[in-house]
Amino acid sequence: MAVGNRGAKQPTLAQLRAFAAVAEHLHFRDAAAAIGMSQPALSGAVSALEEALGVQLLERTTRKVLLSPAGERIAARAQVVLDAVGGLLEEAEAVRAPFTGMLRLGVIPTVAPYLLPTVLGLFHRRYPRMDLQVHEEQTGSLLEGLAGGRLDLLLLAVPLGVPGVTELPLFDEDFVLLAPREHALAGRRDIPLDELRDLQLLLLDEGHCLRDQALDICREAGRTTGADVTTTAAGLSTLVQLVAGGLGVTLLPRTALRLETARNEYLSTGCFAEPAPSRRIALAMRTGTARQEEFEAIAAALREAVRPLPVWPTD
């Protein structure tokens, strides 16, 4: 136990980690499992922290654990301290050995199946000493993970417009219209954008950035609020099957086209007249991260790696 100038006991990082885990899970067993500590050791660490600080942090009952008012305040401070220590270790690791160690990459669902083969191939060839861990989540969850230090780098659609997040653009890609084979627009290569005004449009569920992008395109086309979207899906694969079943049409990123429509005789695509609607894909990192040079190099390598795909790499 460290001792301060006045002889008072000071908390250790192990005690702060234990308390932060309990504050997050509100359950000793789950908290212990989350940080790889035995339950008795975790309970002892939290008790030692309470003794060091001279305040009660938890209200223990036979059924559950609650934070005391002091515990709620100190939990937030403890997380700030732990995040700062994590940043210090991250900076030391970046200086000591770039392109090594763990990299926690977050990817949105409408990118992961279509870009990950390229990403994984690149890391296998160029960065074999990096321990790449991939987390597929929606944009909101990814940004929370980045801000909280749970994730290091994101692969997603931009712009985000989020303070403290720096975007490293990778490429732009067009949207195509996916329709049933017998649809009037099937196979066309010059579809005017205003054709979207009255189509039976199928979209992803709330929370997917691709849904928001599609709605933005529809508004640009002059689609009114009266042209409601009545059917949605949790993923692109389901959305494609709904189109194949004749329930409507949808907008599909060009990188998803081959995988999602292969060998489906009930589907046809149409291309929009120029300028076609598109989306931009980028890496996103915490502004000022110690690994900025690493991540910028990875972004540059990815721009080259995606050239065989139906995209336009950014400069």
# chains A, B, ... in the order shown; residues from 1 in each chain; ligands from 1
call {"tool": "residues_around", "arguments": {"residues": "A:Leu257", "least_positions_apart": "5", "cutoff": "10 Å", "atoms": "only C-alpha atoms", "output": "NGL selection string"}}
result
:A and (114 or 175-176 or 178 or 240 or 252 or 262 or 269 or 310)
call {"tool": "residues_around", "arguments": {"residues": "A:Val55", "least_positions_apart": "5", "cutoff": "9 Å", "atoms": "only C-alpha atoms", "output": "list of chain:residue names"}}
result
A:Leu49, A:Glu50, A:Ala70, A:Gly71
call {"tool": "residues_around", "arguments": {"residues": "A:Glu90", "least_positions_apart": "4", "cutoff": "12 Å", "atoms": "only C-alpha atoms", "output": "VMD selection string"}}
result
chain A and resid 83 to 86 94 to 98 100 to 103 149 152 289 to 292
call {"tool": "residues_around", "arguments": {"residues": "stretch 167-173 of chain A", "least_positions_apart": "5", "cutoff": "12 Å", "atoms": "only C-alpha atoms", "output": "PyMOL selection string"}}
result
chain A and resi 111+115+119+153-162+252-257+275-288+292-315
call {"tool": "atom_distance", "arguments": {"atom1": "atom CA of A:Gln133", "atom2": "atom CA of A:Gly106"}}
result
8.5 Å
call {"tool": "select_by_dssp", "arguments": {"residues": "stretch 118-275 of chain A", "states": "strand (DSSP E or B)", "output": "PyMOL selection string"}}
result
chain A and resi 130-136+153-158+165-180+191+201+203-204+232-233+249-253+267-270+272
call {"tool": "atom_distance", "arguments": {"atom1": "atom CA of A:Val134", "atom2": "atom CA of A:Pro109"}}
result
11.6 Å
call {"tool": "residues_around", "arguments": {"residues": "stretch 202-207 of chain A", "least_positions_apart": "2", "cutoff": "9 Å", "atoms": "only C-alpha atoms", "output": "PyMOL selection string"}}
result
chain A and resi 138-140+200+209-212+214-215+229-236+239+242-243+247-251
call {"tool": "atom_distance", "arguments": {"atom1": "atom CA of A:Asp174", "atom2": "atom CA of A:Thr261"}}
result
16.1 Å
call {"tool": "residues_around", "arguments": {"residues": "A:His27", "least_positions_apart": "5", "cutoff": "9 Å", "atoms": "only C-alpha atoms", "output": "number ranges by chain"}}
result
A: 21-22, 32, 64-66
call {"tool": "closest_residue", "arguments": {"among": "A:Tyr127, A:Ala186, A:Leu42, A:Asp198", "to": "A:Asp30", "atoms": "only C-alpha atoms"}}
result
A:Leu42
call {"tool": "decode", "arguments": {"residues": "stretch 191-205 of chain A", "atoms": "all heavy atoms", "output": "compact mmCIF listing (two decimals), in the first residue's frame"}}
result
# COMPACT_ATOMS: atom_id res chain seq x y z
N ILE A 191 -30.61 5.52 -63.73
CA ILE A 191 -31.82 5.80 -62.97
C ILE A 191 -31.75 7.20 -62.37
O ILE A 191 -30.81 7.52 -61.63
CB ILE A 191 -31.99 4.78 -61.83
CG1 ILE A 191 -32.08 3.36 -62.41
CG2 ILE A 191 -33.22 5.09 -61.00
CD1 ILE A 191 -32.05 2.28 -61.35
N PRO A 192 -32.70 8.08 -62.66
CA PRO A 192 -32.72 9.41 -62.01
C PRO A 192 -32.98 9.25 -60.51
O PRO A 192 -33.76 8.38 -60.09
CB PRO A 192 -33.88 10.12 -62.70
CG PRO A 192 -34.14 9.33 -63.94
CD PRO A 192 -33.79 7.92 -63.63
N LEU A 193 -32.34 10.08 -59.74
CA LEU A 193 -32.49 9.97 -58.29
C LEU A 193 -33.93 10.18 -57.85
O LEU A 193 -34.39 9.57 -56.87
CB LEU A 193 -31.57 10.99 -57.60
CG LEU A 193 -31.30 10.77 -56.10
CD1 LEU A 193 -30.64 9.43 -55.86
CD2 LEU A 193 -30.44 11.90 -55.55
N ASP A 194 -34.67 11.00 -58.59
CA ASP A 194 -36.04 11.28 -58.17
C ASP A 194 -36.98 10.08 -58.31
O ASP A 194 -38.12 10.13 -57.87
CB ASP A 194 -36.61 12.51 -58.90
CG ASP A 194 -36.63 12.36 -60.41
OD1 ASP A 194 -36.48 11.22 -60.90
OD2 ASP A 194 -36.80 13.38 -61.10
N GLU A 195 -36.49 8.98 -58.91
CA GLU A 195 -37.30 7.77 -58.96
C GLU A 195 -37.54 7.20 -57.56
O GLU A 195 -38.46 6.40 -57.35
CB GLU A 195 -36.60 6.70 -59.83
CG GLU A 195 -36.61 6.99 -61.32
CD GLU A 195 -37.95 6.64 -61.96
OE1 GLU A 195 -38.87 6.17 -61.24
OE2 GLU A 195 -38.09 6.83 -63.19
N LEU A 196 -36.70 7.60 -56.60
CA LEU A 196 -36.85 7.11 -55.24
C LEU A 196 -38.05 7.70 -54.51
O LEU A 196 -38.40 7.24 -53.42
CB LEU A 196 -35.58 7.41 -54.43
CG LEU A 196 -34.31 6.64 -54.81
CD1 LEU A 196 -33.13 7.17 -54.02
CD2 LEU A 196 -34.51 5.15 -54.56
N ARG A 197 -38.68 8.69 -55.10
CA ARG A 197 -39.75 9.40 -54.40
C ARG A 197 -40.91 8.50 -54.02
O ARG A 197 -41.45 8.60 -52.92
CB ARG A 197 -40.27 10.55 -55.26
CG ARG A 197 -39.29 11.69 -55.44
CD ARG A 197 -39.85 12.76 -56.37
NE ARG A 197 -38.89 13.83 -56.60
CZ ARG A 197 -39.09 14.82 -57.47
NH1 ARG A 197 -40.22 14.85 -58.19
NH2 ARG A 197 -38.18 15.75 -57.63
N ASP A 198 -41.28 7.58 -54.89
CA ASP A 198 -42.51 6.83 -54.67
C ASP A 198 -42.31 5.32 -54.62
O ASP A 198 -43.28 4.56 -54.66
CB ASP A 198 -43.52 7.16 -55.78
CG ASP A 198 -43.85 8.65 -55.81
OD1 ASP A 198 -44.12 9.21 -54.74
OD2 ASP A 198 -43.79 9.24 -56.90
N LEU A 199 -41.06 4.86 -54.56
CA LEU A 199 -40.81 3.43 -54.51
C LEU A 199 -41.13 2.85 -53.14
O LEU A 199 -41.05 3.55 -52.12
CB LEU A 199 -39.35 3.13 -54.85
CG LEU A 199 -38.89 3.46 -56.28
CD1 LEU A 199 -37.40 3.17 -56.44
CD2 LEU A 199 -39.69 2.67 -57.30
N GLN A 200 -41.47 1.57 -53.10
CA GLN A 200 -41.66 0.86 -51.83
C GLN A 200 -40.26 0.51 -51.31
O GLN A 200 -39.67 -0.48 -51.68
CB GLN A 200 -42.48 -0.41 -52.04
CG GLN A 200 -42.79 -1.18 -50.76
CD GLN A 200 -43.68 -0.38 -49.81
OE1 GLN A 200 -44.55 0.36 -50.24
NE2 GLN A 200 -43.43 -0.54 -48.52
N LEU A 201 -39.75 1.36 -50.42
CA LEU A 201 -38.36 1.26 -49.99
C LEU A 201 -38.24 0.45 -48.71
O LEU A 201 -38.97 0.67 -47.74
CB LEU A 201 -37.79 2.66 -49.77
CG LEU A 201 -36.29 2.76 -49.54
CD1 LEU A 201 -35.51 2.33 -50.77
CD2 LEU A 201 -35.90 4.18 -49.15
N LEU A 202 -37.29 -0.48 -48.69
CA LEU A 202 -37.00 -1.30 -47.51
C LEU A 202 -35.69 -0.81 -46.91
O LEU A 202 -34.71 -0.60 -47.62
CB LEU A 202 -36.88 -2.77 -47.89
CG LEU A 202 -38.04 -3.37 -48.69
CD1 LEU A 202 -37.73 -4.81 -49.06
CD2 LEU A 202 -39.34 -3.28 -47.90
N LEU A 203 -35.66 -0.66 -45.58
CA LEU A 203 -34.48 -0.13 -44.89
C LEU A 203 -34.09 -1.00 -43.71
O LEU A 203 -34.87 -1.82 -43.23
CB LEU A 203 -34.75 1.30 -44.40
CG LEU A 203 -35.01 2.37 -45.45
CD1 LEU A 203 -35.28 3.70 -44.77
CD2 LEU A 203 -33.82 2.49 -46.40
N LEU A 204 -32.89 -0.77 -43.22
CA LEU A 204 -32.44 -1.40 -41.99
C LEU A 204 -33.14 -0.78 -40.79
O LEU A 204 -33.71 0.32 -40.87
CB LEU A 204 -30.92 -1.25 -41.84
CG LEU A 204 -30.06 -2.01 -42.85
CD1 LEU A 204 -28.59 -1.64 -42.67
CD2 LEU A 204 -30.26 -3.51 -42.70
N ASP A 205 -33.06 -1.47 -39.65
CA ASP A 205 -33.68 -0.96 -38.42
C ASP A 205 -32.99 0.30 -37.94
O ASP A 205 -31.88 0.65 -38.35
CB ASP A 205 -33.57 -2.02 -37.31
CG ASP A 205 -34.43 -3.24 -37.60
OD1 ASP A 205 -35.38 -3.12 -38.39
OD2 ASP A 205 -34.14 -4.31 -37.01
